[in-house]
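Structure file entry-v8.csv (CSV, C-alpha atoms and all ligand atoms) is printed below.
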```csv
chain,number,residue,atom,x,y,z
A,372,MET,CA,-14.9,-3.5,-174.9
A,373,GLU,CA,-18.3,-4.5,-176.4
A,374,PRO,CA,-17.6,-6.8,-179.5
A,375,ALA,CA,-19.0,-5.6,-182.8
A,376,ILE,CA,-20.6,-9.0,-183.4
A,377,LYS,CA,-22.6,-11.0,-181.0
A,378,TYR,CA,-24.4,-14.3,-181.5
A,379,ARG,CA,-27.4,-15.5,-179.5
A,380,LEU,CA,-28.3,-19.2,-179.6
A,381,ILE,CA,-32.1,-19.3,-179.3
A,382,LYS,CA,-32.9,-23.0,-179.8
A,383,LYS,CA,-31.2,-26.3,-180.8
A,384,GLU,CA,-33.3,-28.6,-183.0
A,385,LYS,CA,-34.0,-31.8,-181.1
A,386,HIS,CA,-32.9,-34.4,-183.7
A,387,THR,CA,-30.0,-32.6,-185.6
A,388,GLY,CA,-27.1,-30.2,-185.1
A,389,ALA,CA,-29.3,-27.3,-186.4
A,390,ARG,CA,-29.6,-24.1,-184.4
A,391,LEU,CA,-32.0,-21.2,-184.4
A,392,GLY,CA,-30.1,-18.0,-183.5
A,393,GLU,CA,-29.6,-14.3,-183.9
A,394,ILE,CA,-26.5,-12.4,-185.1
A,395,VAL,CA,-26.3,-8.9,-183.7
A,396,THR,CA,-24.3,-6.4,-185.8
A,397,PRO,CA,-23.9,-2.6,-185.7
A,398,HIS,CA,-26.4,-2.5,-188.6
A,399,GLY,CA,-29.1,-4.7,-187.2
A,400,THR,CA,-29.9,-8.0,-185.7
A,401,PHE,CA,-30.7,-10.9,-188.1
A,402,LYS,CA,-32.1,-14.4,-187.5
A,403,THR,CA,-30.1,-17.4,-188.4
A,404,PRO,CA,-29.8,-19.7,-190.3
A,405,MET,CA,-29.5,-17.2,-193.1
A,406,PHE,CA,-28.6,-16.9,-196.8
A,407,MET,CA,-26.5,-13.8,-197.7
A,408,PRO,CA,-26.7,-12.4,-201.3
A,409,VAL,CA,-23.3,-11.7,-202.9
A,410,GLY,CA,-22.6,-8.3,-204.2
A,411,THR,CA,-19.0,-8.7,-205.3
A,412,GLN,CA,-18.4,-5.2,-206.7
A,413,ALA,CA,-20.6,-3.4,-204.2
A,414,SER,CA,-23.8,-4.3,-206.0
A,415,VAL,CA,-25.9,-7.5,-205.9
A,416,LYS,CA,-26.3,-7.7,-209.6
A,417,THR,CA,-29.5,-5.9,-210.9
A,418,MET,CA,-30.8,-5.5,-207.3
A,419,ALA,CA,-31.6,-2.1,-205.7
A,420,PRO,CA,-31.4,-1.9,-201.9
A,421,GLU,CA,-35.2,-1.6,-201.9
A,422,ASP,CA,-35.5,-5.0,-203.7
A,423,LEU,CA,-33.1,-6.6,-201.2
A,424,LYS,CA,-35.0,-5.3,-198.3
A,425,GLU,CA,-38.3,-6.4,-199.8
A,426,MET,CA,-37.0,-9.9,-200.3
A,427,GLY,CA,-35.8,-10.0,-196.7
A,428,ALA,CA,-32.0,-9.8,-197.1
A,429,GLY,CA,-30.2,-8.9,-193.9
A,430,ILE,CA,-26.5,-9.2,-194.6
A,431,ILE,CA,-25.0,-8.8,-198.1
A,432,LEU,CA,-21.4,-9.6,-199.2
A,433,SER,CA,-18.8,-7.7,-201.1
A,434,ASN,CA,-15.3,-8.5,-202.2
A,435,THR,CA,-12.1,-6.9,-200.8
A,436,TYR,CA,-10.1,-8.1,-203.8
A,437,HIS,CA,-12.4,-6.5,-206.4
A,438,LEU,CA,-13.0,-3.3,-204.5
A,439,TRP,CA,-9.2,-2.8,-203.7
A,440,LEU,CA,-8.5,-3.1,-207.4
A,441,ARG,CA,-11.5,-1.0,-208.5
A,442,PRO,CA,-12.4,1.7,-207.4
A,443,GLY,CA,-9.8,1.4,-204.6
A,444,GLU,CA,-10.5,1.2,-200.9
A,445,ASP,CA,-9.6,4.9,-200.4
A,446,ILE,CA,-12.5,6.0,-202.6
A,447,VAL,CA,-14.9,3.8,-200.6
A,448,GLU,CA,-13.5,5.1,-197.4
A,449,LYS,CA,-13.9,8.8,-198.6
A,450,ALA,CA,-17.5,7.9,-199.4
A,451,GLY,CA,-18.0,7.0,-195.8
A,452,GLY,CA,-17.6,3.2,-196.2
A,453,LEU,CA,-19.5,0.5,-198.1
A,454,HIS,CA,-22.9,1.1,-196.4
A,455,LYS,CA,-22.9,4.8,-197.5
A,456,PHE,CA,-21.3,4.0,-200.9
A,457,MET,CA,-24.0,1.4,-201.7
A,458,ASN,CA,-26.9,3.1,-199.8
A,459,TRP,CA,-27.4,-0.1,-197.8
A,460,ASP,CA,-28.1,0.3,-194.0
A,461,ARG,CA,-28.3,-3.3,-193.0
A,462,GLY,CA,-25.4,-5.8,-192.7
A,463,VAL,CA,-22.3,-6.1,-194.9
A,464,LEU,CA,-19.7,-8.8,-194.9
A,465,THR,CA,-16.4,-8.7,-196.9
A,466,ASP,CA,-14.1,-11.6,-197.8
A,467,SER,CA,-10.4,-11.0,-197.3
A,468,GLY,CA,-9.3,-11.4,-201.0
A,469,GLY,CA,-7.0,-14.4,-200.8
A,470,PHE,CA,-9.5,-16.7,-202.3
A,471,GLN,CA,-10.2,-14.4,-205.1
A,472,VAL,CA,-6.5,-14.0,-205.9
A,473,PHE,CA,-6.3,-17.7,-206.4
A,474,SER,CA,-9.5,-17.9,-208.4
A,475,LEU,CA,-9.0,-14.8,-210.6
A,476,ALA,CA,-5.5,-13.5,-210.7
A,477,LYS,CA,-2.7,-14.7,-213.1
A,478,LEU,CA,0.8,-15.6,-212.0
A,479,ARG,CA,0.6,-15.7,-208.3
A,480,ASP,CA,3.3,-16.6,-205.8
A,481,ILE,CA,2.5,-17.5,-202.2
A,482,SER,CA,5.0,-16.9,-199.4
A,483,GLU,CA,5.0,-16.4,-195.6
A,484,GLU,CA,4.6,-12.7,-196.2
A,485,GLY,CA,1.5,-13.0,-198.5
A,486,VAL,CA,0.5,-13.5,-202.1
A,487,ALA,CA,2.2,-11.8,-205.1
A,488,PHE,CA,0.0,-11.7,-208.3
A,489,LYS,CA,-0.9,-9.8,-211.4
A,490,SER,CA,-4.2,-8.0,-211.5
A,491,HIS,CA,-6.8,-9.7,-213.6
A,492,LEU,CA,-7.9,-6.3,-214.8
A,493,ASN,CA,-4.6,-4.8,-216.2
A,494,GLY,CA,-1.8,-7.2,-215.3
A,495,GLU,CA,-0.3,-4.8,-212.7
A,496,LYS,CA,2.0,-6.6,-210.2
A,497,LEU,CA,0.3,-6.5,-206.8
A,498,PHE,CA,1.0,-8.0,-203.3
A,499,LEU,CA,-1.7,-8.9,-200.7
A,500,SER,CA,-0.6,-9.6,-197.2
A,501,PRO,CA,-2.7,-10.3,-194.1
A,502,GLU,CA,-2.0,-6.7,-193.0
A,503,LYS,CA,-3.0,-5.2,-196.3
A,504,ALA,CA,-6.2,-7.3,-196.5
A,505,ILE,CA,-7.3,-6.2,-193.0
A,506,HIS,CA,-6.4,-2.6,-193.9
A,507,VAL,CA,-8.6,-2.7,-197.0
A,508,GLU,CA,-11.4,-4.4,-195.0
A,509,ASN,CA,-11.1,-1.7,-192.3
A,510,ALA,CA,-11.4,1.0,-195.0
A,511,LEU,CA,-14.4,-0.7,-196.6
A,512,GLY,CA,-16.1,-0.7,-193.2
A,513,ALA,CA,-18.0,-4.0,-193.3
A,514,ASP,CA,-19.7,-5.2,-190.1
A,515,ILE,CA,-18.1,-8.6,-190.6
A,516,MET,CA,-14.6,-9.1,-192.0
A,517,MET,CA,-12.8,-12.3,-193.0
A,518,SER,CA,-9.2,-13.2,-192.0
A,519,PHE,CA,-6.7,-13.6,-194.7
A,520,ASP,CA,-6.4,-17.3,-195.6
A,521,GLU,CA,-5.3,-19.7,-198.2
A,522,CYS,CA,-7.9,-22.1,-199.5
A,523,PRO,CA,-5.9,-25.1,-200.6
A,524,PRO,CA,-7.2,-27.4,-203.3
A,525,PHE,CA,-9.4,-30.1,-201.7
A,526,PHE,CA,-7.3,-32.9,-203.1
A,527,GLU,CA,-3.9,-31.4,-202.3
A,528,SER,CA,-1.4,-33.6,-200.4
A,529,TYR,CA,-1.6,-33.9,-196.6
A,530,ASP,CA,1.9,-32.2,-196.2
A,531,TYR,CA,0.9,-29.2,-198.4
A,532,VAL,CA,-2.4,-28.7,-196.5
A,533,LYS,CA,-0.7,-29.0,-193.1
A,534,LYS,CA,1.8,-26.3,-194.0
A,535,SER,CA,-1.0,-24.2,-195.5
A,536,VAL,CA,-3.2,-24.5,-192.4
A,537,GLU,CA,-0.2,-23.5,-190.1
A,538,ARG,CA,0.5,-20.5,-192.3
A,539,THR,CA,-3.2,-19.5,-192.4
A,540,SER,CA,-3.2,-19.6,-188.6
A,541,ARG,CA,-0.2,-17.3,-188.5
A,542,TRP,CA,-1.9,-15.0,-191.0
A,543,ALA,CA,-5.0,-14.9,-188.8
A,544,GLU,CA,-2.9,-13.8,-185.8
A,545,ARG,CA,-1.2,-11.1,-187.9
A,546,GLY,CA,-4.7,-10.0,-189.1
A,547,LEU,CA,-5.9,-9.6,-185.5
A,548,ILE,CA,-2.9,-7.4,-184.7
A,549,ALA,CA,-3.5,-5.3,-187.8
A,550,HIS,CA,-7.2,-4.9,-187.2
A,551,GLN,CA,-8.0,-1.2,-186.4
A,552,ASN,CA,-11.7,-1.3,-185.6
A,553,PRO,CA,-12.7,-4.3,-183.4
A,554,ALA,CA,-15.4,-2.3,-181.7
A,555,THR,CA,-17.3,-1.8,-184.9
A,556,GLN,CA,-16.1,-4.5,-187.3
A,557,GLY,CA,-16.2,-8.2,-186.3
A,558,LEU,CA,-13.3,-10.3,-187.6
A,559,PHE,CA,-13.9,-14.0,-188.3
A,560,GLY,CA,-11.3,-16.7,-188.4
A,561,ILE,CA,-11.5,-19.1,-191.3
A,562,VAL,CA,-11.0,-22.8,-190.6
A,563,GLN,CA,-9.2,-24.7,-193.3
A,564,GLY,CA,-7.7,-28.2,-193.6
A,565,ALA,CA,-9.3,-29.6,-196.7
A,566,GLY,CA,-10.7,-33.1,-196.0
A,567,PHE,CA,-8.3,-34.0,-193.2
A,568,GLU,CA,-9.9,-34.3,-189.8
A,569,ASP,CA,-6.8,-33.7,-187.8
A,570,LEU,CA,-5.8,-30.7,-189.8
A,571,ARG,CA,-9.3,-29.2,-189.5
A,572,ARG,CA,-8.9,-29.8,-185.7
A,573,GLN,CA,-5.5,-28.1,-185.7
A,574,SER,CA,-7.0,-25.1,-187.6
A,575,ALA,CA,-10.0,-24.9,-185.4
A,576,ARG,CA,-7.9,-25.2,-182.2
A,577,ASP,CA,-5.5,-22.4,-183.4
A,578,LEU,CA,-8.3,-20.0,-184.3
A,579,VAL,CA,-10.6,-20.7,-181.3
A,580,GLY,CA,-7.5,-20.0,-179.2
A,581,MET,CA,-7.5,-16.5,-180.7
A,582,ASP,CA,-11.1,-16.0,-179.6
A,583,PHE,CA,-12.7,-14.6,-182.8
A,584,PRO,CA,-16.4,-13.4,-182.6
A,585,GLY,CA,-17.3,-15.9,-185.4
A,586,TYR,CA,-15.8,-18.7,-187.5
A,587,SER,CA,-16.0,-19.4,-191.2
A,588,ILE,CA,-15.5,-22.8,-192.7
A,589,GLY,CA,-13.4,-22.4,-195.8
A,590,GLY,CA,-12.0,-24.8,-198.3
A,591,LEU,CA,-15.3,-26.5,-199.1
A,592,SER,CA,-17.4,-26.4,-202.2
A,593,VAL,CA,-14.2,-26.3,-204.2
A,594,GLY,CA,-14.9,-29.4,-206.4
A,595,GLU,CA,-15.4,-32.1,-203.8
A,596,SER,CA,-18.6,-34.2,-203.7
A,597,LYS,CA,-21.5,-33.2,-201.5
A,598,GLY,CA,-20.9,-36.3,-199.5
A,599,GLU,CA,-17.3,-35.3,-198.9
A,600,MET,CA,-18.5,-31.8,-197.9
A,601,ASN,CA,-21.0,-33.2,-195.4
A,602,ARG,CA,-18.4,-35.6,-194.1
A,603,VAL,CA,-16.0,-32.7,-193.3
A,604,LEU,CA,-18.8,-30.6,-191.8
A,605,ASP,CA,-19.8,-33.5,-189.6
A,606,PHE,CA,-16.5,-33.4,-187.7
A,607,THR,CA,-15.7,-29.7,-188.2
A,608,THR,CA,-18.7,-27.8,-186.7
A,609,PRO,CA,-18.5,-29.6,-183.4
A,610,MET,CA,-14.9,-28.2,-183.0
A,611,LEU,CA,-16.3,-24.7,-183.0
A,612,PRO,CA,-17.8,-22.9,-179.9
A,613,GLU,CA,-21.6,-23.2,-179.7
A,614,ASP,CA,-22.0,-19.5,-178.7
A,615,LYS,CA,-20.4,-18.1,-181.9
A,616,PRO,CA,-21.8,-18.1,-185.5
A,617,ARG,CA,-20.6,-20.5,-188.1
A,618,TYR,CA,-20.4,-19.4,-191.7
A,619,LEU,CA,-19.9,-21.9,-194.5
A,620,MET,CA,-18.3,-20.0,-197.4
A,621,GLY,CA,-19.5,-20.1,-201.0
A,622,VAL,CA,-22.1,-22.8,-200.5
A,623,GLY,CA,-25.5,-22.2,-201.9
A,624,SER,CA,-27.5,-24.9,-203.6
A,625,PRO,CA,-30.8,-25.6,-201.7
A,626,ASP,CA,-29.8,-29.1,-200.7
A,627,ALA,CA,-26.4,-28.0,-199.5
A,628,LEU,CA,-28.0,-25.2,-197.4
A,629,ILE,CA,-30.4,-27.6,-195.7
A,630,ASP,CA,-27.6,-30.2,-195.1
A,631,GLY,CA,-25.3,-27.5,-193.8
A,632,VAL,CA,-27.9,-26.2,-191.3
A,633,ILE,CA,-28.4,-29.8,-190.1
A,634,ARG,CA,-24.7,-29.9,-189.3
A,635,GLY,CA,-24.7,-26.7,-187.3
A,636,VAL,CA,-24.0,-24.0,-189.9
A,637,ASP,CA,-25.7,-20.6,-189.4
A,638,MET,CA,-24.7,-18.5,-192.4
A,639,PHE,CA,-24.3,-19.1,-196.1
A,640,ASP,CA,-23.4,-17.2,-199.3
A,641,CYS,CA,-23.2,-18.2,-202.9
A,642,VAL,CA,-23.1,-16.5,-206.3
A,643,LEU,CA,-25.3,-19.4,-207.7
A,644,PRO,CA,-28.8,-17.6,-207.6
A,645,THR,CA,-27.7,-14.5,-209.5
A,646,ARG,CA,-25.3,-16.5,-211.8
A,647,ILE,CA,-27.8,-19.0,-213.1
A,648,ALA,CA,-30.4,-16.3,-213.3
A,649,ARG,CA,-28.4,-14.6,-216.0
A,650,ASN,CA,-29.0,-17.5,-218.4
A,651,GLY,CA,-32.6,-17.8,-217.4
A,652,THR,CA,-32.3,-20.7,-215.0
A,653,THR,CA,-34.5,-20.4,-211.9
A,654,MET,CA,-35.0,-22.4,-208.6
A,655,THR,CA,-38.5,-23.5,-207.9
A,656,SER,CA,-40.1,-25.8,-205.3
A,657,GLN,CA,-40.3,-28.4,-208.1
A,658,GLY,CA,-36.6,-28.1,-209.0
A,659,ARG,CA,-34.8,-26.0,-211.6
A,660,LEU,CA,-36.8,-24.4,-214.3
A,661,VAL,CA,-35.0,-23.0,-217.4
A,662,VAL,CA,-37.6,-20.3,-218.3
A,663,LYS,CA,-36.1,-19.5,-221.7
A,664,ASN,CA,-37.1,-22.9,-223.0
A,665,ALA,CA,-39.6,-22.8,-225.8
A,666,LYS,CA,-42.2,-24.8,-223.8
A,667,TYR,CA,-42.8,-21.8,-221.6
A,668,SER,CA,-43.6,-19.4,-224.5
A,669,GLU,CA,-47.4,-19.5,-223.7
A,670,ASP,CA,-47.1,-20.6,-220.0
A,671,PHE,CA,-48.9,-17.8,-218.1
A,672,ARG,CA,-48.2,-19.3,-214.6
A,673,PRO,CA,-45.7,-17.8,-212.2
A,674,LEU,CA,-42.1,-19.2,-212.1
A,675,ASP,CA,-43.1,-21.1,-209.0
A,676,PRO,CA,-46.9,-21.4,-208.2
A,677,LYS,CA,-45.9,-21.9,-204.5
A,678,CYS,CA,-43.8,-18.8,-204.3
A,679,ASP,CA,-45.2,-15.6,-202.8
A,680,CYS,CA,-42.4,-13.3,-204.0
A,681,TYR,CA,-43.0,-10.0,-205.9
A,682,VAL,CA,-42.0,-11.7,-209.2
A,683,CYS,CA,-44.2,-14.7,-208.8
A,684,LYS,CA,-47.2,-12.5,-207.8
A,685,ASN,CA,-46.9,-10.2,-210.8
A,686,TYR,CA,-45.2,-11.9,-213.8
A,687,THR,CA,-45.5,-15.1,-215.9
A,688,ARG,CA,-43.1,-17.6,-217.3
A,689,ALA,CA,-44.1,-16.4,-220.8
A,690,TYR,CA,-43.3,-12.8,-220.1
A,691,ILE,CA,-40.0,-13.6,-218.4
A,692,ARG,CA,-39.0,-16.0,-221.2
A,693,HIS,CA,-39.8,-13.2,-223.7
A,694,LEU,CA,-37.6,-10.7,-221.9
A,695,ILE,CA,-34.7,-13.1,-221.6
A,696,LYS,CA,-34.9,-14.1,-225.3
A,697,ALA,CA,-35.1,-10.4,-226.2
A,698,ASP,CA,-32.1,-9.6,-224.1
A,699,GLU,CA,-34.2,-7.2,-222.0
A,700,THR,CA,-32.2,-6.7,-218.7
A,701,PHE,CA,-35.5,-6.5,-216.8
A,702,GLY,CA,-35.8,-10.3,-217.4
A,703,ILE,CA,-32.5,-11.0,-215.6
A,704,HIS,CA,-33.7,-8.7,-212.8
A,705,LEU,CA,-36.8,-10.8,-212.4
A,706,THR,CA,-35.0,-14.2,-212.4
A,707,SER,CA,-32.3,-12.9,-210.1
A,708,TYR,CA,-34.9,-11.4,-207.6
A,709,HIS,CA,-36.8,-14.7,-207.5
A,710,ASN,CA,-33.7,-16.9,-207.1
A,711,LEU,CA,-32.4,-14.8,-204.2
A,712,TYR,CA,-35.9,-14.8,-202.6
A,713,PHE,CA,-36.1,-18.5,-203.0
A,714,LEU,CA,-32.9,-19.1,-200.9
A,715,ILE,CA,-33.7,-16.4,-198.3
A,716,ASN,CA,-37.2,-17.8,-197.9
A,717,LEU,CA,-35.9,-21.4,-197.8
A,718,MET,CA,-33.9,-20.3,-194.7
A,719,HIS,CA,-37.0,-18.8,-193.2
A,720,GLN,CA,-38.8,-22.1,-193.7
A,721,VAL,CA,-35.8,-23.9,-192.1
A,722,GLN,CA,-36.0,-21.6,-189.1
A,723,ASP,CA,-39.6,-22.6,-188.7
A,724,ALA,CA,-38.7,-26.3,-188.9
A,725,ILE,CA,-36.0,-25.9,-186.2
A,726,GLU,CA,-38.7,-24.1,-184.0
A,727,GLN,CA,-41.0,-27.1,-184.5
A,728,ASP,CA,-38.2,-29.8,-184.2
A,729,ASN,CA,-39.2,-31.3,-187.6
A,730,LEU,CA,-36.2,-30.3,-189.8
A,731,LEU,CA,-35.6,-33.8,-191.0
A,732,GLU,CA,-39.2,-34.2,-192.1
A,733,PHE,CA,-38.9,-30.8,-193.8
A,734,ARG,CA,-35.8,-32.0,-195.6
A,735,GLU,CA,-37.4,-35.1,-196.8
A,736,ALA,CA,-40.5,-33.3,-198.2
A,737,PHE,CA,-38.4,-30.5,-199.8
A,738,PHE,CA,-35.9,-33.0,-201.4
A,739,GLU,CA,-38.8,-35.1,-202.7
A,740,GLU,CA,-40.6,-32.1,-204.3
A,741,TYR,CA,-37.4,-30.5,-205.6
A,742,GLY,CA,-36.4,-33.8,-207.2
A,743,TYR,CA,-33.2,-34.4,-205.2
A,744,ASN,CA,-32.3,-38.1,-205.0
A,745,GLU,CA,-29.9,-39.4,-202.3
A,746,ASN,CA,-27.6,-41.3,-204.6
A,801,LIG,N1,-16.1,-21.9,-202.8
A,801,LIG,C1,-15.8,-21.8,-201.4
A,801,LIG,C2,-15.1,-20.6,-200.9
A,801,LIG,C3,-15.6,-19.3,-201.2
A,801,LIG,C4,-14.9,-18.2,-200.7
A,801,LIG,C5,-15.5,-16.9,-201.0
A,801,LIG,S1,-16.8,-16.5,-199.9
A,801,LIG,C6,-17.2,-14.8,-200.3
A,801,LIG,C7,-17.4,-14.4,-201.7
A,801,LIG,C8,-17.7,-13.1,-201.9
A,801,LIG,C9,-17.8,-12.2,-200.9
A,801,LIG,C10,-17.6,-12.6,-199.6
A,801,LIG,C11,-17.3,-13.9,-199.3
A,801,LIG,C12,-13.8,-18.4,-199.8
A,801,LIG,N2,-13.2,-17.3,-199.2
A,801,LIG,C13,-12.2,-17.5,-198.4
A,801,LIG,N3,-11.6,-16.4,-197.8
A,801,LIG,N4,-11.7,-18.7,-198.1
A,801,LIG,C14,-12.3,-19.9,-198.6
A,801,LIG,O1,-11.8,-21.0,-198.3
A,801,LIG,C15,-13.4,-19.7,-199.5
A,801,LIG,C16,-14.0,-20.8,-200.0
```
Please go through the file and, once you have read it, give me the structure as structure tokens.
Ligand SMILES: NCc1cc(CSc2ccccc2)c2nc(N)[nH]c(=O)c2c1
Amino acid sequence: MEPAIKYRLIKKEKHTGARLGEIVTPHGTFKTPMFMPVGTQASVKTMAPEDLKEMGAGIILSNTYHLWLRPGEDIVEKAGGLHKFMNWDRGVLTDSGGFQVFSLAKLRDISEEGVAFKSHLNGEKLFLSPEKAIHVENALGADIMMSFDECPPFFESYDYVKKSVERTSRWAERGLIAHQNPATQGLFGIVQGAGFEDLRRQSARDLVGMDFPGYSIGGLSVGESKGEMNRVLDFTTPMLPEDKPRYLMGVGSPDALIDGVIRGVDMFDCVLPTRIARNGTTMTSQGRLVVKNAKYSEDFRPLDPKCDCYVCKNYTRAYIRHLIKADETFGIHLTSYHNLYFLINLMHQVQDAIEQDNLLEFREAFFEEYGYNEN
């Protein structure tokens, strides 16, 4: 049977582990490395599908946990699935919900069967198992689904993480068995193991043995340093097959994206661009710019003079500052649009650098201008 998701490796960058590739989905083919906007509750906050297309978004993300609780997967299924529900005809990826249970729900209890918890919305007692998570993801109809996993705290004990990795591998197996639509929905395995190289190897070996169409790297960007994250990526991505996509979950600052690509990561997501936009913080080629600061009240330049996005071509810092200060939601629309474009466009620039085998020079120039320092 034809798999729902295929990856094509186009070119390896000469001096790093970076790859130029394409991910083929039932809703289109998209070049990698790529940044994927997060639309937790079936909407990328303040963005219409037309905005997302105009900025070059290919795959957007939604959350099984949130949509299961509200409006319920049965309503989305009756609507014809997430693509129809959201009026989005490109790619959709859903997380499996386990991570959100641990980051949002109260009173949870984890067992071999799954996770018991109380809804963060109304305190209702609920239970999420690998089978239930896969059932909800099948009903939502995303092109790419995540296996049900546990994301252990990065600084947990070796013994706890070892037991957690072994259970996550058993959950992944159960998810594969429960998966109803492998021809139209690609299921990714999620590699865990915190900062332990042998546990990452055990997790990768278990999952690669199950032959998933793609692999996510979980359990990172959960409070560890960037150096630690890069150290784990250095030994984890080589454990994964070259002919499958690698997705680093929940990582999205500009420096982390570039350093992840250098280490062989193809797909990224993060709530950062829309989250910081809501308080008027924007990403520019010269670093972060908090547009609501008084010093921009008569600054009639674009957010980023080097940016060619719709916002930077049509609006000024003074106007956007005014809207944010006046609580005009259009202001948040403009900062969100620009931030999302900034990361999507950054990945396009990285693709060019891989093509030209000068990704390290690109990194150096970008870090210098953005104001990142190595220590
Ligand atoms: N902060 C890192 C992070 C983020 C997410 C969420 S990624 C996401 C968010 C919204 C929608 C789709 C995917 C994770 N999800 C899972 N399943 N496992 C992890 O280890 C993990 C780690």
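Each of A:Val532, A:Glu502, A:Leu511, A:Asp614 was compared to Leu380 of chain A using all atoms listed in the file, and A:Asp614 turns out to be the nearest.
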task: Can you tell me which residues come within 8 Å of ligand LIG 801 (chain A) when counting all atoms listed in the file, ideally as a ChimeraX atom specification?
output: /A:409-411,432-435,464-471,517-523,561-563,588-593,620-622,640-642
What are the closest atom pairs, with distances in Å to one decimal, for each residue of segment 530-580 of chain A lying within 12 Å of segment 596-610 of chain A, using all atoms listed in the file, rows by chain and rising residue number, as a Markdown table?
```
| residue | atom | partner | partner_atom | distance |
| --- | --- | --- | --- | --- |
| A:Ile561 | CA | A:Thr607 | CA | 11.8 |
| A:Val562 | CA | A:Thr607 | CA | 8.7 |
| A:Gln563 | CA | A:Thr607 | CA | 9.7 |
| A:Gly564 | CA | A:Val603 | CA | 9.4 |
| A:Ala565 | CA | A:Val603 | CA | 8.1 |
| A:Gly566 | CA | A:Val603 | CA | 6.0 |
| A:Phe567 | CA | A:Val603 | CA | 7.8 |
| A:Glu568 | CA | A:Phe606 | CA | 7.0 |
| A:Asp569 | CA | A:Phe606 | CA | 9.7 |
| A:Leu570 | CA | A:Thr607 | CA | 10.1 |
| A:Arg571 | CA | A:Thr607 | CA | 6.5 |
| A:Arg572 | CA | A:Met610 | CA | 6.8 |
| A:Gln573 | CA | A:Met610 | CA | 9.8 |
| A:Ser574 | CA | A:Met610 | CA | 9.7 |
| A:Ala575 | CA | A:Met610 | CA | 6.4 |
| A:Arg576 | CA | A:Met610 | CA | 7.7 |
| A:Asp577 | CA | A:Met610 | CA | 11.1 |
| A:Leu578 | CA | A:Met610 | CA | 10.6 |
| A:Val579 | CA | A:Met610 | CA | 8.8 |
| A:Gly580 | CA | A:Met610 | CA | 11.7 |
```
message: If I take atom CA of Asn710 of chain A and atom CA of Glu669 of chain A, how far is one from the other in Å, to one decimal?
response: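 Computing the Euclidean distance for atom CA of Asn710 of chain A and atom CA of Glu669 of chain A yields 21.7 Å.
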Minimum-distance residue to Asn458 of chain A, chosen among A:Pro420, A:Phe671, A:Asp480, A:Leu731 (using only C-alpha atoms): A:Pro420
Neighbour list for Ile515 of chain A as a JSON list (two decimals) with C-alpha atoms, in the frame of the given file, cut-off 6 Å, only C-alpha atoms, skip fewer than 2 positions in-chain:
```
[["chain", "number", "residue", "atom", "x", "y", "z"],
["A", 464, "LEU", "CA", -19.70, -8.80, -194.90],
["A", 513, "ALA", "CA", -18.00, -4.00, -193.30],
["A", 556, "GLN", "CA", -16.10, -4.50, -187.30],
["A", 557, "GLY", "CA", -16.20, -8.20, -186.30],
["A", 558, "LEU", "CA", -13.30, -10.30, -187.60]]
```
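The space separating atom CA of Phe526 of chain A from atom CA of Pro612 of chain A comes to 27.4 Å.
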message: I need every residue sitting at most 7 Å from the point (-4.3, -6.9, -188.3) (coordinates as in the file, only C-alpha atoms considered), written as a VMD selection string.
response: chain A and resid 501 to 502 505 545 to 550
Can those selected residues be exported to a file as an mmCIF file, in the frame of the given file so that it contains C-alpha atoms?
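Once everything was written out, this is selection-v6.cif:
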```cif
data_model
loop_
_atom_site.group_PDB
_atom_site.id
_atom_site.type_symbol
_atom_site.label_atom_id
_atom_site.label_comp_id
_atom_site.auth_asym_id
_atom_site.auth_seq_id
_atom_site.Cartn_x
_atom_site.Cartn_y
_atom_site.Cartn_z
ATOM 1 C CA PRO A 501 -2.700 -10.300 -194.100
ATOM 2 C CA GLU A 502 -2.000 -6.700 -193.000
ATOM 3 C CA ILE A 505 -7.300 -6.200 -193.000
ATOM 4 C CA ARG A 545 -1.200 -11.100 -187.900
ATOM 5 C CA GLY A 546 -4.700 -10.000 -189.100
ATOM 6 C CA LEU A 547 -5.900 -9.600 -185.500
ATOM 7 C CA ILE A 548 -2.900 -7.400 -184.700
ATOM 8 C CA ALA A 549 -3.500 -5.300 -187.800
ATOM 9 C CA HIS A 550 -7.200 -4.900 -187.200
#
```
task: Show me as a PyMOL selection string the residues that reach within 12 Å of (-12.0, 3.6, -205.9), counting only C-alpha atoms and using the file's own coordinates.
output: chain A and resi 412-413+435+437-450+452-453+456+507+510-511
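Pairwise distance (atom CA of Gly429 of chain A, atom CA of Met407 of chain A) equals 7.2 Å.
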- request: For each of A:Cys680, A:Ala504, A:Val472, A:Ile691, take the minimum atom-to-atom distance to His709 of chain A, counting only C-alpha atoms, then give the residue where this is smallest.
  value: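 Looking only at the distances to His709 of chain A, the closest residue turns out to be A:Cys680.
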field: All residues 8 Å or closer to Gly462 of chain A, only C-alpha atoms, same chain fewer than 4 positions away omitted, as a list of chain:residue names
entry: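 Returned residues: A:Thr396, A:Pro397, A:His398, A:Gly399, A:Gly429, A:Ile430, A:Ile431, A:Ala513, A:Asp514.
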Can I get the selection written as a PDB file, in the frame of the given file, with C-alpha atoms?
```pdb
ATOM      1  CA  THR A 396     -24.300  -6.400-185.800  1.00  0.00           C
ATOM      2  CA  PRO A 397     -23.900  -2.600-185.700  1.00  0.00           C
ATOM      3  CA  HIS A 398     -26.400  -2.500-188.600  1.00  0.00           C
ATOM      4  CA  GLY A 399     -29.100  -4.700-187.200  1.00  0.00           C
ATOM      5  CA  GLY A 429     -30.200  -8.900-193.900  1.00  0.00           C
ATOM      6  CA  ILE A 430     -26.500  -9.200-194.600  1.00  0.00           C
ATOM      7  CA  ILE A 431     -25.000  -8.800-198.100  1.00  0.00           C
ATOM      8  CA  ALA A 513     -18.000  -4.000-193.300  1.00  0.00           C
ATOM      9  CA  ASP A 514     -19.700  -5.200-190.100  1.00  0.00           C
TER      10      ASP A 514
END
```
